[in-house]
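Notes to accompany the following structure.
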Amino acid sequence: MEHVKELLKSRIEGIHDPVQRILLQDVLADVFTELLQYSEERYARLENKLDRETGDSLRQYYIYTGVCKREDIDNTSRCLFEIKTGQAYGTGYLGRIFLACGYPVIRQCISREYKAQVITDKGEYETVVSLRYCHAYLDAIGHLYHQFNLSQKQWHTINCPFLYKMLDIVDTKGVVPCDEAVQKVEIMLGELSEYVIYDAVLVWNVQEEIYKPSVETAAADNEGVYIHKIFLQDKVSGYLAAPEGEDFFWTVFSQDGILVHTRKRAHENMKLLKVAHMDINKDLTGLLYPLQSNYRNMRHVDRQALNNPRCIWTEGETRRILSSYEVFNEFELLDICMDLQGDIPGIDINHFIKSNSLLKSRRKVALILHPKDSKDIFCYEKMFFLLSELQLCAAEYEWTGILK
């Protein structure tokens, strides 16, 4: 390009008539401007075409999570809802708390027992309690992963650092009668008592909705198949089908809605899990901490990488994957260590992705991260999310992490 510009400049300088020189300059400027605009437009069209063909298939399925007091939930919100849990809490369940402490402190609390005073509708009791991760929330989020699989959507993990600070209170001595309603529990946590938040709940942008589909019957593999057509007005939210009693089904997504194919029976009503489009301006929930998400900025190189198998993992490839996640902006990657020597403490990597492959002897990879905010009580849990994502991408390695 520089050679062409020099050639044109020399040609223009060879013209002695000033009027003709000005005219030629104007003509060349207009021609090159038009050519530049044309080439940019064609390149933009090509880039948009590639983006449509290799776009972010999960853009409607990013999960946002938060924690708030039950009284601060916005019941009119169209994007944040309370995570619904079952009622089977197990023997000795007295309630749950949110403990606003860092991961190492949480681990110490789980391994100990504490004295507690319990007030029920029939009396007061002194007992000994232990703390454990909240099984009801773990089961609820595990169910969501199950529905992702059944709907043939890419399995990915959820960035919910609040989950591992929601703790069940368990009466280890069995002092409190099971038939009495617990009204208040005061745990003798000493200096940690100021970090206890009662009546806290988890919220996310997932909601169950019931639809009445139109049903047709078709034949497939010598069997009858029931095709449920569901029209969806909301085009910006993501949906997962959840037909009750169906162990195997498949869905077809279209612009207007979805088709749910089942084998067992025709469903008069069909349950869908809606992943609502997040619009914080349409929500008044009083959050205790900022929302967290598994949002990933799918750059052009990331979309291309999804269609290309990775035979060899490199430091650059690992950095590329990590840097695409929004939450990674809160860390600095200090080092990636292969075959790190010495004992590495175990971590609570997202347990929903664990499989039998984790029992095999594999090469260990350690990420050494530095949190930009040293006072962030959720830094360990956010690291666990990143490690879980890497574990899904490279099952041939065993990923662990160290904060410095």
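Ordered as shown in the structure tokens, chains take letters A, B, and onward, while each chain numbers its residues from 1 and ligands are numbered from 1 in the order shown.
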Would you write out, as JSON lines, a table of all residues in stretch 78-120 of chain A that have an atom no more than 8 Å from an atom of stretch 375-382 of chain A, listing for each the closest atom pair and the distance in Å to one decimal, considering only C-alpha atoms and ordering rows by chain and rising residue number?
{"residue": "A:Ala100", "atom": "CA", "partner": "A:Ile377", "partner_atom": "CA", "distance": 7.3}
{"residue": "A:Cys101", "atom": "CA", "partner": "A:Ile377", "partner_atom": "CA", "distance": 5.9}
{"residue": "A:Gly102", "atom": "CA", "partner": "A:Ile377", "partner_atom": "CA", "distance": 4.5}
{"residue": "A:Tyr103", "atom": "CA", "partner": "A:Tyr380", "partner_atom": "CA", "distance": 6.2}
Do a neighbour search on stretch 78-87 of chain A at 9 Å with only C-alpha atoms, toss out local chain neighbours closer than 5 positions, and write the hits as a PDB file with C-alpha atoms, in the first residue's frame.
ATOM      1  CA  TYR A  64     -27.115 -15.468  36.932  1.00  0.00           C
ATOM      2  CA  THR A  65     -27.108 -16.199  40.667  1.00  0.00           C
ATOM      3  CA  GLY A  66     -27.413 -14.066  43.781  1.00  0.00           C
ATOM      4  CA  ARG A  70     -36.238 -13.632  51.820  1.00  0.00           C
ATOM      5  CA  ILE A  73     -37.183 -10.742  46.999  1.00  0.00           C
ATOM      6  CA  ALA A 136     -31.546 -28.938  49.180  1.00  0.00           C
ATOM      7  CA  TYR A 137     -29.755 -26.295  47.090  1.00  0.00           C
ATOM      8  CA  ASP A 139     -30.016 -31.061  44.648  1.00  0.00           C
ATOM      9  CA  ALA A 140     -31.881 -28.175  42.976  1.00  0.00           C
ATOM     10  CA  ILE A 141     -28.838 -27.097  40.979  1.00  0.00           C
ATOM     11  CA  VAL A 201     -32.089 -17.456  50.086  1.00  0.00           C
ATOM     12  CA  LEU A 202     -30.468 -18.033  46.714  1.00  0.00           C
ATOM     13  CA  VAL A 203     -31.980 -16.531  43.574  1.00  0.00           C
ATOM     14  CA  TRP A 204     -31.304 -17.105  39.878  1.00  0.00           C
ATOM     15  CA  ASN A 205     -32.818 -16.342  36.485  1.00  0.00           C
ATOM     16  CA  VAL A 206     -34.443 -19.778  36.127  1.00  0.00           C
ATOM     17  CA  GLN A 207     -38.177 -20.353  36.514  1.00  0.00           C
ATOM     18  CA  VAL A 275     -33.697 -19.154  31.616  1.00  0.00           C
ATOM     19  CA  ALA A 276     -34.853 -15.550  31.658  1.00  0.00           C
ATOM     20  CA  HIS A 277     -33.020 -12.800  29.842  1.00  0.00           C
ATOM     21  CA  MET A 278     -31.276 -10.748  32.513  1.00  0.00           C
ATOM     22  CA  ASP A 279     -32.404  -7.119  32.679  1.00  0.00           C
ATOM     23  CA  ILE A 280     -31.374  -5.637  36.015  1.00  0.00           C
ATOM     24  CA  LYS A 282     -36.638  -4.803  35.662  1.00  0.00           C
ATOM     25  CA  ASP A 283     -35.696  -6.217  39.059  1.00  0.00           C
ATOM     26  CA  THR A 285     -34.428  -7.609  44.534  1.00  0.00           C
TER      27      THR A 285
END
Q: Go through A:Gln147, A:Gln60, A:Gln154, A:Ser77 and flag the residue nearest A:Leu392, using only C-alpha atoms for the distances.
A: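 That would be A:Gln154, the residue with the smallest distance to A:Leu392.
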**Q.** For A:Arg320, the nearest of the candidates A:Asp302, A:Asp373, A:Asp121, A:Asp335, counting only C-alpha atoms
**A.** A:Asp302
Return as a Markdown table the residues of stretch 139-195 of chain A lying at most 9 Å from stretch 124-132 of chain A, together with the closest atom-to-atom pair for each and the distance in Å to one decimal, counting only C-alpha atoms, with rows in chain order and ascending residue number.
| residue | atom | partner | partner_atom | distance |
| --- | --- | --- | --- | --- |
| A:Met166 | CA | A:Arg132 | CA | 8.5 |
| A:Leu167 | CA | A:Arg132 | CA | 5.3 |
| A:Asp168 | CA | A:Arg132 | CA | 5.3 |
| A:Ile169 | CA | A:Leu131 | CA | 5.1 |
| A:Val170 | CA | A:Val129 | CA | 5.3 |
| A:Asp171 | CA | A:Val129 | CA | 4.6 |
| A:Thr172 | CA | A:Val129 | CA | 5.3 |
| A:Lys173 | CA | A:Val128 | CA | 6.1 |
| A:Gly174 | CA | A:Thr127 | CA | 7.9 |
| A:Val175 | CA | A:Thr127 | CA | 6.1 |
| A:Val176 | CA | A:Tyr125 | CA | 6.6 |
| A:Ile187 | CA | A:Val129 | CA | 7.9 |
For the selection just defined, write its residues with C-alpha atoms to a file, as a JSON list (two decimals), in the first residue's frame.
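Produced file part-v8.json, reproduced below:
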[["chain", "number", "residue", "atom", "x", "y", "z"],
["A", 166, "MET", "CA", -25.37, -21.73, 52.53],
["A", 167, "LEU", "CA", -25.12, -24.22, 55.40],
["A", 168, "ASP", "CA", -27.65, -26.60, 56.94],
["A", 169, "ILE", "CA", -27.88, -26.70, 60.75],
["A", 170, "VAL", "CA", -28.10, -30.30, 62.00],
["A", 171, "ASP", "CA", -28.96, -31.35, 65.56],
["A", 172, "THR", "CA", -26.25, -33.97, 66.18],
["A", 173, "LYS", "CA", -27.62, -34.96, 69.62],
["A", 174, "GLY", "CA", -31.24, -35.33, 68.54],
["A", 175, "VAL", "CA", -32.45, -33.16, 71.40],
["A", 176, "VAL", "CA", -35.05, -31.15, 69.48],
["A", 187, "ILE", "CA", -25.42, -20.96, 67.33]]
**Q.** Contacts of A:Lys69 at 9 Å (only C-alpha atoms; same-chain gap of 3+ positions) as a PyMOL selection string
**A.** chain A and resi 72-73+197-202+286-288
In stretch 97-245 of chain A, what's alpha helix (DSSP H) per DSSP? Answer as a PDB file with N, CA and C atoms, in the first residue's frame?
ATOM      1  N   TYR A 103     -13.596 -19.282  52.160  1.00  0.00           N
ATOM      2  CA  TYR A 103     -13.658 -20.734  52.036  1.00  0.00           C
ATOM      3  C   TYR A 103     -12.880 -21.475  53.120  1.00  0.00           C
ATOM      4  N   PRO A 104     -11.645 -21.074  53.471  1.00  0.00           N
ATOM      5  CA  PRO A 104     -10.923 -21.810  54.525  1.00  0.00           C
ATOM      6  C   PRO A 104     -11.671 -21.804  55.861  1.00  0.00           C
ATOM      7  N   VAL A 105     -12.327 -20.692  56.187  1.00  0.00           N
ATOM      8  CA  VAL A 105     -13.090 -20.617  57.437  1.00  0.00           C
ATOM      9  C   VAL A 105     -14.303 -21.544  57.370  1.00  0.00           C
ATOM     10  N   ILE A 106     -14.970 -21.570  56.212  1.00  0.00           N
ATOM     11  CA  ILE A 106     -16.123 -22.455  56.041  1.00  0.00           C
ATOM     12  C   ILE A 106     -15.724 -23.909  56.254  1.00  0.00           C
ATOM     13  N   ARG A 107     -14.595 -24.295  55.695  1.00  0.00           N
ATOM     14  CA  ARG A 107     -14.143 -25.685  55.834  1.00  0.00           C
ATOM     15  C   ARG A 107     -13.882 -26.032  57.298  1.00  0.00           C
ATOM     16  N   GLN A 108     -13.337 -25.098  58.049  1.00  0.00           N
ATOM     17  CA  GLN A 108     -13.097 -25.340  59.481  1.00  0.00           C
ATOM     18  C   GLN A 108     -14.425 -25.469  60.233  1.00  0.00           C
ATOM     19  N   CYS A 109     -15.396 -24.649  59.879  1.00  0.00           N
ATOM     20  CA  CYS A 109     -16.695 -24.705  60.559  1.00  0.00           C
ATOM     21  C   CYS A 109     -17.406 -26.027  60.297  1.00  0.00           C
ATOM     22  N   ILE A 110     -17.276 -26.561  59.082  1.00  0.00           N
ATOM     23  CA  ILE A 110     -17.941 -27.810  58.743  1.00  0.00           C
ATOM     24  C   ILE A 110     -17.360 -28.986  59.525  1.00  0.00           C
ATOM     25  N   HIS A 135     -27.933 -29.402  51.328  1.00  0.00           N
ATOM     26  CA  HIS A 135     -28.278 -30.459  50.379  1.00  0.00           C
ATOM     27  C   HIS A 135     -29.425 -30.061  49.466  1.00  0.00           C
ATOM     28  N   ALA A 136     -30.384 -29.312  49.991  1.00  0.00           N
ATOM     29  CA  ALA A 136     -31.546 -28.938  49.180  1.00  0.00           C
ATOM     30  C   ALA A 136     -31.126 -28.080  47.982  1.00  0.00           C
ATOM     31  N   TYR A 137     -30.228 -27.130  48.194  1.00  0.00           N
ATOM     32  CA  TYR A 137     -29.755 -26.295  47.090  1.00  0.00           C
ATOM     33  C   TYR A 137     -28.871 -27.096  46.141  1.00  0.00           C
ATOM     34  N   LEU A 138     -28.030 -27.965  46.671  1.00  0.00           N
ATOM     35  CA  LEU A 138     -27.193 -28.801  45.820  1.00  0.00           C
ATOM     36  C   LEU A 138     -28.047 -29.666  44.907  1.00  0.00           C
ATOM     37  N   ASP A 139     -29.127 -30.221  45.453  1.00  0.00           N
ATOM     38  CA  ASP A 139     -30.016 -31.061  44.648  1.00  0.00           C
ATOM     39  C   ASP A 139     -30.736 -30.245  43.582  1.00  0.00           C
ATOM     40  N   ALA A 140     -31.154 -29.024  43.934  1.00  0.00           N
ATOM     41  CA  ALA A 140     -31.881 -28.175  42.976  1.00  0.00           C
ATOM     42  C   ALA A 140     -30.994 -27.810  41.791  1.00  0.00           C
ATOM     43  N   ILE A 141     -29.747 -27.455  42.069  1.00  0.00           N
ATOM     44  CA  ILE A 141     -28.838 -27.097  40.979  1.00  0.00           C
ATOM     45  C   ILE A 141     -28.427 -28.345  40.205  1.00  0.00           C
ATOM     46  N   GLY A 142     -28.277 -29.473  40.901  1.00  0.00           N
ATOM     47  CA  GLY A 142     -27.982 -30.722  40.209  1.00  0.00           C
ATOM     48  C   GLY A 142     -29.096 -31.103  39.251  1.00  0.00           C
ATOM     49  N   HIS A 143     -30.346 -30.838  39.621  1.00  0.00           N
ATOM     50  CA  HIS A 143     -31.477 -31.117  38.737  1.00  0.00           C
ATOM     51  C   HIS A 143     -31.392 -30.278  37.469  1.00  0.00           C
ATOM     52  N   LEU A 144     -30.938 -29.045  37.585  1.00  0.00           N
ATOM     53  CA  LEU A 144     -30.802 -28.190  36.403  1.00  0.00           C
ATOM     54  C   LEU A 144     -29.784 -28.780  35.436  1.00  0.00           C
ATOM     55  N   TYR A 145     -28.648 -29.275  35.955  1.00  0.00           N
ATOM     56  CA  TYR A 145     -27.663 -29.915  35.088  1.00  0.00           C
ATOM     57  C   TYR A 145     -28.271 -31.114  34.367  1.00  0.00           C
ATOM     58  N   HIS A 146     -29.080 -31.866  35.094  1.00  0.00           N
ATOM     59  CA  HIS A 146     -29.724 -33.038  34.503  1.00  0.00           C
ATOM     60  C   HIS A 146     -30.624 -32.627  33.340  1.00  0.00           C
ATOM     61  N   GLN A 147     -31.339 -31.522  33.502  1.00  0.00           N
ATOM     62  CA  GLN A 147     -32.231 -31.063  32.446  1.00  0.00           C
ATOM     63  C   GLN A 147     -31.446 -30.535  31.249  1.00  0.00           C
ATOM     64  N   PHE A 148     -30.296 -29.938  31.474  1.00  0.00           N
ATOM     65  CA  PHE A 148     -29.448 -29.516  30.364  1.00  0.00           C
ATOM     66  C   PHE A 148     -29.064 -30.724  29.519  1.00  0.00           C
ATOM     67  N   ASN A 149     -28.706 -31.807  30.164  1.00  0.00           N
ATOM     68  CA  ASN A 149     -28.318 -33.017  29.444  1.00  0.00           C
ATOM     69  C   ASN A 149     -29.484 -33.590  28.659  1.00  0.00           C
ATOM     70  N   LEU A 150     -30.649 -33.700  29.309  1.00  0.00           N
ATOM     71  CA  LEU A 150     -31.804 -34.285  28.648  1.00  0.00           C
ATOM     72  C   LEU A 150     -32.263 -33.457  27.448  1.00  0.00           C
TER      73      LEU A 150
END
Q: Excluding stretch 251-255 of chain A and any residue of its chain fewer than 6 positions from it, enumerate the residues within 8 Å of it, using only C-alpha atoms, and give them as an NGL selection string.
A: :A and (151-152 or 235 or 241 or 261)
Just the selected residues (C-alpha atoms), exported as a PDB file, in the first residue's frame, please.
ATOM      1  CA  SER A 151     -32.456 -31.260  26.411  1.00  0.00           C
ATOM      2  CA  GLN A 152     -29.233 -31.939  24.483  1.00  0.00           C
ATOM      3  CA  LYS A 235     -37.661 -14.923  21.879  1.00  0.00           C
ATOM      4  CA  ALA A 241     -38.028 -29.087  28.365  1.00  0.00           C
ATOM      5  CA  HIS A 261     -40.673 -35.654  21.303  1.00  0.00           C
TER       6      HIS A 261
END
Q: Just the residues within 8 Å of A:Lys122, please, counting only C-alpha atoms, with nothing from its chain fewer than 3 positions along; format it as an MDAnalysis selection string.
A: chainID A and resid 119 180:181
Would you export the selected residues with C-alpha atoms as a PDB file, in the first residue's frame, please?
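Wrote out_29.pdb, looks like this:
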ATOM      1  CA  ILE A 119     -36.603 -22.147  70.308  1.00  0.00           C
ATOM      2  CA  GLU A 180     -41.961 -29.276  66.758  1.00  0.00           C
ATOM      3  CA  ALA A 181     -41.664 -26.223  64.507  1.00  0.00           C
TER       4      ALA A 181
END
Q: Name the residues in contact with stretch 315-319 of chain A at a cut-off of 9 Å, using only C-alpha atoms, excluding same-chain residues fewer than 6 positions from it; report them as a PyMOL selection string.
A: chain A and resi 333+335-336+390
Can I get the selected residues back with C-alpha atoms, as a PDB file, in the first residue's frame?
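To be explicit, this is the file written out as out13.pdb:
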ATOM      1  CA  LEU A 333      -2.958 -15.755  36.169  1.00  0.00           C
ATOM      2  CA  ASP A 335       1.500 -19.491  36.397  1.00  0.00           C
ATOM      3  CA  ILE A 336       0.332 -22.833  34.987  1.00  0.00           C
ATOM      4  CA  LEU A 390     -11.379 -26.341  32.336  1.00  0.00           C
TER       5      LEU A 390
END
Q: For atom CA of A:Ala395 and atom CA of A:Val365, determine how far apart the two atoms are, in Å to one decimal place.
A: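 About the pair atom CA of A:Ala395 and atom CA of A:Val365: they are 11.4 Å apart.
If only C-alpha atoms are the atoms counted, then among A:Leu58, A:Phe248, A:Asp26, A:Tyr114 the closest residue to A:Glu186 is A:Tyr114.
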(Q) Among stretch 86-313 of chain A, which ones does DSSP assign to strand (DSSP E) (computed from the backbone)? Answer as a VMD selection string. (A) chain A and resid 93 to 99 113 to 120 124 to 133 166 to 171 182 to 187 196 to 198 200 to 204 206 to 211 214 to 220 223 to 231 238 to 241 249 to 253 257 to 262 270 to 275 292 to 293
What does the file look like for those residues with C-alpha atoms, as a short mmCIF file (atom, residue, chain, number, x, y, z; two decimals), in the first residue's frame?
data_model
loop_
_atom_site.label_atom_id
_atom_site.label_comp_id
_atom_site.auth_asym_id
_atom_site.auth_seq_id
_atom_site.Cartn_x
_atom_site.Cartn_y
_atom_site.Cartn_z
CA TYR A 93 -32.51 -30.53 60.34
CA LEU A 94 -33.05 -27.23 62.19
CA GLY A 95 -32.72 -24.65 59.42
CA ARG A 96 -30.02 -23.00 57.36
CA ILE A 97 -27.71 -20.00 57.57
CA PHE A 98 -25.54 -17.98 55.23
CA LEU A 99 -22.03 -17.62 56.64
CA GLU A 113 -19.55 -28.92 66.34
CA TYR A 114 -21.11 -26.00 68.22
CA LYS A 115 -23.43 -25.43 71.13
CA ALA A 116 -26.78 -23.95 70.15
CA GLN A 117 -30.02 -22.74 71.70
CA VAL A 118 -33.17 -23.70 69.81
CA ILE A 119 -36.60 -22.15 70.31
CA THR A 120 -39.60 -24.07 68.96
CA GLU A 124 -36.53 -24.08 74.36
CA TYR A 125 -33.68 -26.57 74.04
CA GLU A 126 -29.91 -26.55 74.34
CA THR A 127 -28.12 -28.94 72.03
CA VAL A 128 -25.02 -29.47 69.91
CA VAL A 129 -25.18 -28.81 66.16
CA SER A 130 -22.98 -29.30 63.12
CA LEU A 131 -22.94 -27.44 59.81
CA ARG A 132 -22.94 -28.95 56.32
CA TYR A 133 -23.40 -27.79 52.77
CA MET A 166 -25.37 -21.73 52.53
CA LEU A 167 -25.12 -24.22 55.40
CA ASP A 168 -27.65 -26.60 56.94
CA ILE A 169 -27.88 -26.70 60.75
CA VAL A 170 -28.10 -30.30 62.00
CA ASP A 171 -28.96 -31.35 65.56
CA VAL A 182 -38.30 -24.47 64.88
CA GLN A 183 -38.72 -20.71 65.32
CA LYS A 184 -35.18 -19.59 66.14
CA VAL A 185 -31.69 -21.11 66.32
CA GLU A 186 -28.79 -19.29 67.95
CA ILE A 187 -25.42 -20.96 67.33
CA VAL A 196 -24.11 -15.19 60.22
CA ILE A 197 -27.09 -14.13 58.08
CA TYR A 198 -30.40 -15.84 58.85
CA ALA A 200 -31.06 -15.83 53.37
CA VAL A 201 -32.09 -17.46 50.09
CA LEU A 202 -30.47 -18.03 46.71
CA VAL A 203 -31.98 -16.53 43.57
CA TRP A 204 -31.30 -17.10 39.88
CA VAL A 206 -34.44 -19.78 36.13
CA GLN A 207 -38.18 -20.35 36.51
CA GLU A 208 -40.55 -23.26 35.91
CA GLU A 209 -43.44 -22.58 33.53
CA ILE A 210 -46.33 -24.84 32.52
CA TYR A 211 -47.57 -24.85 28.90
CA SER A 214 -50.66 -29.28 20.81
CA VAL A 215 -49.83 -32.97 20.37
CA GLU A 216 -49.39 -35.09 17.26
CA THR A 217 -48.47 -38.75 16.91
CA ALA A 218 -45.80 -39.99 14.53
CA ALA A 219 -43.88 -43.21 13.89
CA ALA A 220 -40.15 -43.59 14.56
CA GLU A 223 -42.61 -47.07 17.76
CA GLY A 224 -45.09 -44.29 18.34
CA VAL A 225 -43.69 -40.85 19.13
CA TYR A 226 -45.67 -38.00 20.62
CA ILE A 227 -44.71 -34.59 19.23
CA HIS A 228 -45.59 -31.67 21.50
CA LYS A 229 -45.63 -28.28 19.80
CA ILE A 230 -45.13 -25.31 22.14
CA PHE A 231 -45.32 -21.76 20.84
CA GLY A 238 -33.70 -19.87 26.81
CA TYR A 239 -35.88 -22.90 27.46
CA LEU A 240 -35.28 -26.47 28.63
CA ALA A 241 -38.03 -29.09 28.36
CA PHE A 249 -36.89 -37.41 25.05
CA TRP A 250 -35.52 -34.99 22.54
CA THR A 251 -36.30 -31.43 21.60
CA VAL A 252 -36.13 -29.44 18.39
CA PHE A 253 -35.72 -25.69 18.75
CA GLY A 257 -40.93 -22.38 19.73
CA ILE A 258 -39.90 -25.95 20.46
CA LEU A 259 -40.98 -29.47 19.58
CA VAL A 260 -40.71 -32.01 22.40
CA HIS A 261 -40.67 -35.65 21.30
CA THR A 262 -41.63 -38.22 23.95
CA MET A 270 -45.63 -29.62 29.62
CA LYS A 271 -43.18 -28.12 32.12
CA LEU A 272 -40.40 -25.93 30.75
CA LEU A 273 -37.46 -24.42 32.58
CA LYS A 274 -37.11 -20.82 31.42
CA VAL A 275 -33.70 -19.15 31.62
CA GLN A 292 -22.52 -13.64 39.54
CA SER A 293 -22.80 -15.49 36.23
#
Q: May I ask which of the residues A:Gln233, A:Ile63, A:Pro177, A:Arg362 is the closest one to A:Leu291, counting only C-alpha atoms?
A: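 Smallest separation from A:Leu291 among the options: A:Ile63.
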Q) Skipping near chain neighbours, those fewer than 3 positions away, what residues fall within 7 Å of stretch 367-369 of chain A using only C-alpha atoms, listed as a PyMOL selection string? A) chain A and resi 331-337+400-404
Only C-alpha atoms, please: the residues just picked out, written as a CSV table (one decimal), in the first residue's frame.
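Below you can see selection_28.csv, which holds the result:
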chain,number,residue,atom,x,y,z
A,331,PHE,CA,-7.9,-12.7,38.8
A,332,GLU,CA,-4.4,-12.5,37.6
A,333,LEU,CA,-3.0,-15.8,36.2
A,334,LEU,CA,0.5,-16.1,37.7
A,335,ASP,CA,1.5,-19.5,36.4
A,336,ILE,CA,0.3,-22.8,35.0
A,337,CYS,CA,2.3,-25.7,36.5
A,400,THR,CA,-6.5,-27.9,40.7
A,401,GLY,CA,-5.9,-24.4,41.8
A,402,ILE,CA,-3.8,-22.3,44.2
A,403,LEU,CA,-4.4,-18.7,45.3
A,404,LYS,CA,-1.5,-16.5,46.1
